[in-house]
Every structure is written in C-alpha cells, then in structure tokens.
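Input: a single structure, listed below in structure tokens.
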Protein chains: 2
Amino acid sequence: MVKRSPDGLYLDAVFGALAHPTRRALVEQLAVEPTSVGDLADPHDMSLAAVSKHLRVLEDAGLIEVEKDGRVRRCHLNAGPLSEAFGWLTRYRVFWEDRFDALEDHLEADQ
Amino acid sequence: MVKRSPDGLYLDAVFGALAHPTRRALVEQLAVEPTSVGDLADPHDMSLAAVSKHLRVLEDAGLIEVEKDGRVRRCHLNAGPLSEAFGWLTRYRVFWEDRFDALEDHLEADQ
DNA sequence: AGTCTATTCAACCAAAGAGTTAAATGAGAA
DNA sequence: TTCTCATTTAACTCTTTGGTTGAATAGACT
C-alpha cells in the first residue's frame with residue numbers, strides 16, 4: 001500500500017469543499033467580512049436551505065465557524081485548513097514551475 | 001449573483017480530483033516518475049478498473065497525460081492545472097498567515 | 001401571548017461517485 | 001494466427017451530493 005499522510009482526512013474535506021463553485025463563492029464572500037446565513041444566500045440562485053447545506057460542508061471541513069448572534073447565525077472564515085491544502089500543492093509546485101522556467105529559457109534563447 | 005471566475009470549471013475539476021485520497025496518491029506516485037497504469041494500480045487495494053477510473057478523473061482535470069508505449073499506457077504528471085488551484089488558495093493565504101503572525105507576536109510577547 | 005424573522009431539519013428526488021465483476025479491445029510474442 | 005498481457009468498457013450496486021419543498025425551532029418585537 002502507498003503511504004497516506006496522517007492529515008489525509010482534512011485534505012479530503014478541504015479539497016472536497018472547494019470543489020464546488022458555490023462553496024468557493026461563499027469563501028470569497030466570507031473573506032470580505034463575517035456574514036449571516038441569509039446575507040450569504042442572497043446572491044445565489046438557490047434556496048436558503050441549499051446554501052445552508054453548503055455552509056455545513058464548509059463547517060465540516062473546518063473552513064468556517066458559526067457564531068450565534070441573537071437569531072442570526074454569523075459565519076466567519078477560518079482559513080487555517082486552507083494552509084493544509086496549500087501545503088500539499090506546494091510539494092508539487094516545482095512541477096509546474098519547472099515547465100515555466102523551461103518556457104522562459106526557450107523564449108530567451110529565441111531572442 | 002456573485003461573480004464567478006472564468007476558470008471556475010478547471011477549479012471544480014482540479015479540486016474535485018484532489019478530494020480523493022487515492023487520486024492524491026496517484027499524483028504523488030507520478031511525481032516520482034511516469035508510470036504505467038498497472039504499476040500505478042499495484043499499491044492500491046482495489047481493482048485495476050477502479051484505478052483506471054481514478055486516472056480518467058485526473059486526466060479530465062488535465063493533471064495527467066497518457067502516452068501509448070506499445071501495449072502499456074504510460075501516465076505522466078502534468079502539474080499545470082495545480083497552479084490554478086494554488087493561485088486560488090494564494091488569494092486567501094493572508095487569512096491564515098495573519099493568524100500565524102498573531103500567534104508569533106503572542107509568543108514573542110510572552111518571552 | 002402572539003407574530004415576525006432567521007435558520008435548520010426532514011423527506012424526497014435525480015444525478016454523480018466509487019467500487020465490483022465480466023467481457024471486449026489492442027498490441028506484442030510465439 | 002493464436003495466445004497472452006495491459007487496459008478499458010459495460011453493466012450493475014450502493015452511497016453521497018446537490019437540489020427541492022414544507023414543517024419545525026428559536027429568538028426578537030409588539
């Protein structure tokens with residue numbers, strides 16, 4: 001069996017959460033400021049319940065925290081788990097930068 | 001409606017592909033060297049057909065290219081699309097680094 | 001107490017995902 | 001051409017996902 005990193009579970013959840021455009025949009029909205037569920041849902045062309053479910057997915061991935069403020073639920077971005085995904089991608093960064101460097105070299109040689 | 005980046009489709013596919021541990025493992029294997037489907041499948045505790053399907057998902061996300069070499073199909077990592085995901089995450093890097101900086105400050109203040 | 005308002009829960013549905021086994025393809029070797 | 005090996009396709013099952021609507025909860029305002 002191939003080795004699996006101990007934090008694989010987080011990666012599943014985080015990458016999975018980011019795989020849906022609505023959820024990425026929600027993260028983008030929350031990067032601006034903490035926002036209530038209703039306000040988060042407004043711009044999206046789907047029911048409030050559907051957005052609520054997407055928020056649950058983000059919460060399960062640890063990407064948001066929900067604070068009760070009276071009768072509204074205010075969601076905050078918690079970007080910590082994103083660094084996990086970032087870290088994973090970083091390990092492969094050289095593979096696309098190599099190609100970029102090769103292209104640069106090629107262009108320079110052309111001049 | 002909330003704005004959606006023009007390359008959202010790629011992000012769906014790339015993040016979706018990375019959301020499964022088997023597929024991340026396949027990427028890790030391919031980062032070592034180009035590998036045939038059979039050799040890729042060996043370490044995994046599932047049928048060859050299942051691995052073949054995972055490879056298709058990676059291919060659809062543009063993350064691998066398959067070269068026919070006689071009767072074996074040799075898969076190469078194509079990390080380009082990873083930079084797409086990396087770029088998206090980078091936009092939110094400040095959100096977890098802020099927290100990290102705050103922690104650093106806190107620790108320094110403690111000393 | 002009664003009524004808005006915000007949000008979630010429950011039940012449902014269609015489509016996609018992850019796996020299986022068995023048959024089909026395609027190319028090299030005998 | 002026949003056999004074998006590498007891989008994909010087909011058909012099927014089971015679970016998860018993404019959405020719906022309608023009822024339930026819970027806090028704030030009269």
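Residues are named by chain letter and number: chains run A, B, ... in the order of the structure tokens, numbers start at 1 in each chain, and ligands are numbered from 1 in the order shown.
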**OP:** Write out as a PyMOL selection string which residues come within 10 Å of region 2-17 of chain D when counting only C-alpha atoms (C1' of nucleotides), dropping same-chain ones fewer than 4 positions away.
**Re:** (chain B and resi 36-38+48-49+52-53+70-73) or (chain C and resi 15-30)
Atoms to include: N, CA and C atoms (P, O5', C5', C4', C3', O3' and C1' of nucleotides). Write the selected residues as a short mmCIF file (atom, residue, chain, number, x, y, z; two decimals), in the first residue's frame.
```
data_model
loop_
_atom_site.label_atom_id
_atom_site.label_comp_id
_atom_site.auth_asym_id
_atom_site.auth_seq_id
_atom_site.Cartn_x
_atom_site.Cartn_y
_atom_site.Cartn_z
N SER B 36 3.21 3.20 -15.71
CA SER B 36 2.12 2.53 -16.41
C SER B 36 0.92 2.37 -15.49
N VAL B 37 -0.24 2.17 -16.08
CA VAL B 37 -1.48 2.02 -15.31
C VAL B 37 -1.36 0.86 -14.33
N GLY B 38 -0.83 -0.24 -14.80
CA GLY B 38 -0.72 -1.42 -13.94
C GLY B 38 0.17 -1.16 -12.73
N LEU B 48 -8.04 -3.02 -10.75
CA LEU B 48 -7.39 -2.22 -11.78
C LEU B 48 -8.39 -1.29 -12.44
N ALA B 49 -9.60 -1.80 -12.64
CA ALA B 49 -10.62 -0.98 -13.30
C ALA B 49 -10.93 0.26 -12.48
N SER B 52 -8.18 2.68 -12.94
CA SER B 52 -8.33 3.23 -14.28
C SER B 52 -9.33 4.38 -14.29
N LYS B 53 -10.41 4.22 -13.53
CA LYS B 53 -11.41 5.29 -13.47
C LYS B 53 -10.86 6.53 -12.75
N GLY B 70 3.66 1.00 -26.87
CA GLY B 70 3.36 -0.40 -27.12
C GLY B 70 2.01 -0.72 -26.53
N ARG B 71 1.96 -1.76 -25.73
CA ARG B 71 0.65 -2.09 -25.16
C ARG B 71 0.45 -1.50 -23.77
N VAL B 72 1.46 -0.83 -23.26
CA VAL B 72 1.22 -0.18 -21.97
C VAL B 72 0.88 1.29 -22.19
N ARG B 73 0.06 1.80 -21.29
CA ARG B 73 -0.26 3.22 -21.29
C ARG B 73 0.59 3.86 -20.21
P DA C 15 -31.75 13.00 -13.66
"O5'" DA C 15 -30.26 13.23 -13.13
"C5'" DA C 15 -29.91 14.49 -12.58
"C4'" DA C 15 -28.52 14.38 -12.01
"C3'" DA C 15 -27.55 13.61 -12.90
"O3'" DA C 15 -26.33 14.30 -12.85
"C1'" DA C 15 -27.60 12.64 -10.76
P DA C 16 -25.08 13.89 -13.75
"O5'" DA C 16 -24.00 13.53 -12.63
"C5'" DA C 16 -23.83 14.44 -11.54
"C4'" DA C 16 -22.92 13.82 -10.51
"C3'" DA C 16 -21.67 13.17 -11.08
"O3'" DA C 16 -20.61 13.52 -10.21
"C1'" DA C 16 -22.86 11.61 -9.77
P DG C 17 -19.12 13.01 -10.45
"O5'" DG C 17 -19.00 11.88 -9.33
"C5'" DG C 17 -19.30 12.25 -8.00
"C4'" DG C 17 -18.81 11.19 -7.06
"C3'" DG C 17 -17.50 10.52 -7.45
"O3'" DG C 17 -16.80 10.25 -6.23
"C1'" DG C 17 -19.23 8.92 -7.42
P DA C 18 -15.30 9.79 -6.28
"O5'" DA C 18 -15.41 8.24 -5.91
"C5'" DA C 18 -15.90 7.87 -4.64
"C4'" DA C 18 -15.96 6.37 -4.54
"C3'" DA C 18 -14.76 5.65 -5.17
"O3'" DA C 18 -14.33 4.63 -4.29
"C1'" DA C 18 -16.75 4.83 -6.09
P DG C 19 -12.91 3.97 -4.57
"O5'" DG C 19 -13.34 2.50 -5.08
"C5'" DG C 19 -13.75 1.55 -4.15
"C4'" DG C 19 -14.78 0.60 -4.72
"C3'" DG C 19 -14.28 -0.45 -5.72
"O3'" DG C 19 -13.64 -1.52 -5.07
"C1'" DG C 19 -16.50 0.30 -6.21
P DT C 20 -12.87 -2.63 -5.96
"O5'" DT C 20 -14.08 -3.55 -6.47
"C5'" DT C 20 -15.00 -4.10 -5.52
"C4'" DT C 20 -16.07 -4.91 -6.25
"C3'" DT C 20 -15.51 -5.85 -7.31
"O3'" DT C 20 -15.37 -7.16 -6.76
"C1'" DT C 20 -17.34 -4.56 -8.20
P DT C 21 -14.55 -8.25 -7.56
"O5'" DT C 21 -15.49 -8.65 -8.79
"C5'" DT C 21 -16.77 -9.23 -8.54
"C4'" DT C 21 -17.43 -9.54 -9.88
"C3'" DT C 21 -16.59 -10.46 -10.77
"O3'" DT C 21 -17.46 -11.44 -11.35
"C1'" DT C 21 -17.04 -8.43 -11.92
P DA C 22 -16.88 -12.63 -12.27
"O5'" DA C 22 -17.22 -12.08 -13.72
"C5'" DA C 22 -18.54 -11.60 -13.98
"C4'" DA C 22 -18.65 -11.20 -15.45
"C3'" DA C 22 -17.83 -12.10 -16.38
"O3'" DA C 22 -18.52 -12.17 -17.63
"C1'" DA C 22 -17.03 -9.92 -16.55
P DA C 23 -17.96 -13.14 -18.81
"O5'" DA C 23 -17.84 -12.12 -20.02
"C5'" DA C 23 -18.99 -11.32 -20.34
"C4'" DA C 23 -18.56 -10.17 -21.22
"C3'" DA C 23 -17.86 -10.60 -22.51
"O3'" DA C 23 -18.37 -9.80 -23.57
"C1'" DA C 23 -16.49 -9.10 -21.33
P DA C 24 -17.76 -9.97 -25.07
"O5'" DA C 24 -16.82 -8.69 -25.18
"C5'" DA C 24 -17.43 -7.40 -25.18
"C4'" DA C 24 -16.37 -6.37 -25.51
"C3'" DA C 24 -15.63 -6.62 -26.83
"O3'" DA C 24 -15.44 -5.36 -27.44
"C1'" DA C 24 -14.08 -6.51 -25.06
P DT C 25 -14.99 -5.28 -29.00
"O5'" DT C 25 -13.53 -4.65 -28.91
"C5'" DT C 25 -13.38 -3.35 -28.32
"C4'" DT C 25 -11.93 -3.14 -27.97
"C3'" DT C 25 -10.98 -3.28 -29.16
"O3'" DT C 25 -10.37 -2.03 -29.36
"C1'" DT C 25 -10.14 -4.31 -27.20
P DG C 26 -9.59 -1.66 -30.71
"O5'" DG C 26 -8.21 -1.07 -30.15
"C5'" DG C 26 -7.80 -1.41 -28.85
"C4'" DG C 26 -6.31 -1.70 -28.80
"C3'" DG C 26 -5.66 -1.95 -30.16
"O3'" DG C 26 -4.31 -1.57 -30.03
"C1'" DG C 26 -5.48 -3.88 -28.86
P DA C 27 -3.39 -1.15 -31.29
"O5'" DA C 27 -2.00 -1.74 -30.82
"C5'" DA C 27 -1.57 -1.45 -29.49
"C4'" DA C 27 -0.59 -2.50 -29.04
"C3'" DA C 27 0.37 -2.94 -30.15
"O3'" DA C 27 1.66 -3.06 -29.59
"C1'" DA C 27 -0.75 -4.81 -29.26
P DG C 28 2.96 -3.29 -30.45
"O5'" DG C 28 3.59 -4.56 -29.71
"C5'" DG C 28 3.63 -4.54 -28.27
"C4'" DG C 28 4.15 -5.84 -27.72
"C3'" DG C 28 5.31 -6.47 -28.47
"O3'" DG C 28 6.21 -7.00 -27.50
"C1'" DG C 28 3.37 -7.89 -28.57
P DA C 29 7.27 -8.15 -27.89
"O5'" DA C 29 6.45 -9.50 -27.76
"C5'" DA C 29 6.17 -10.06 -26.47
"C4'" DA C 29 5.91 -11.55 -26.61
"C3'" DA C 29 7.06 -12.33 -27.27
"O3'" DA C 29 7.08 -13.62 -26.67
"C1'" DA C 29 5.13 -12.53 -28.59
P DA C 30 8.24 -14.66 -26.97
"O5'" DA C 30 7.43 -15.96 -27.43
"C5'" DA C 30 6.05 -16.13 -27.06
"C4'" DA C 30 5.50 -17.38 -27.71
"C3'" DA C 30 6.54 -18.31 -28.34
"O3'" DA C 30 6.14 -19.65 -28.15
"C1'" DA C 30 5.13 -17.45 -30.04
#
```
**OP:** Would you kindly report the residues of chain B within 6 Å of chain A, using only C-alpha atoms, as a ChimeraX atom specification?
**Re:** /B:1-2,12,15-16,19-20,43-44,79-80,95-96
Original post:
At what distance in Å, to one decimal, does C1' of DT25 (chain D) lie from CA of Leu55 (chain A)?
Top reply: 18.9 Å
What are the nearest atom pairs, with distances in Å to one decimal, for all residues of chain D that come at most 9 Å from chain A, using only C-alpha atoms (C1' of nucleotides), set out by chain and rising residue number as CSV?
```
residue,atom,partner,partner_atom,distance
D:DG18,C1',A:Ala50,CA,7.7
D:DG19,C1',A:Ala50,CA,6.7
D:DT20,C1',A:Ser47,CA,8.2
D:DA26,C1',A:Arg71,CA,7.2
D:DG27,C1',A:Arg71,CA,4.9
D:DA28,C1',A:Arg71,CA,7.6
```
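For the residues B:Cys75, B:Val51, B:Leu63, B:Leu58, ranking by smallest atom-to-atom distance to chain C using only C-alpha atoms (C1' of nucleotides) places B:Val51 first.
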Subject >> Interface list for chain C, partner chain A, 9 Å threshold, only C-alpha atoms (C1' of nucleotides), as a ChimeraX atom specification >> reply: /C:5-8
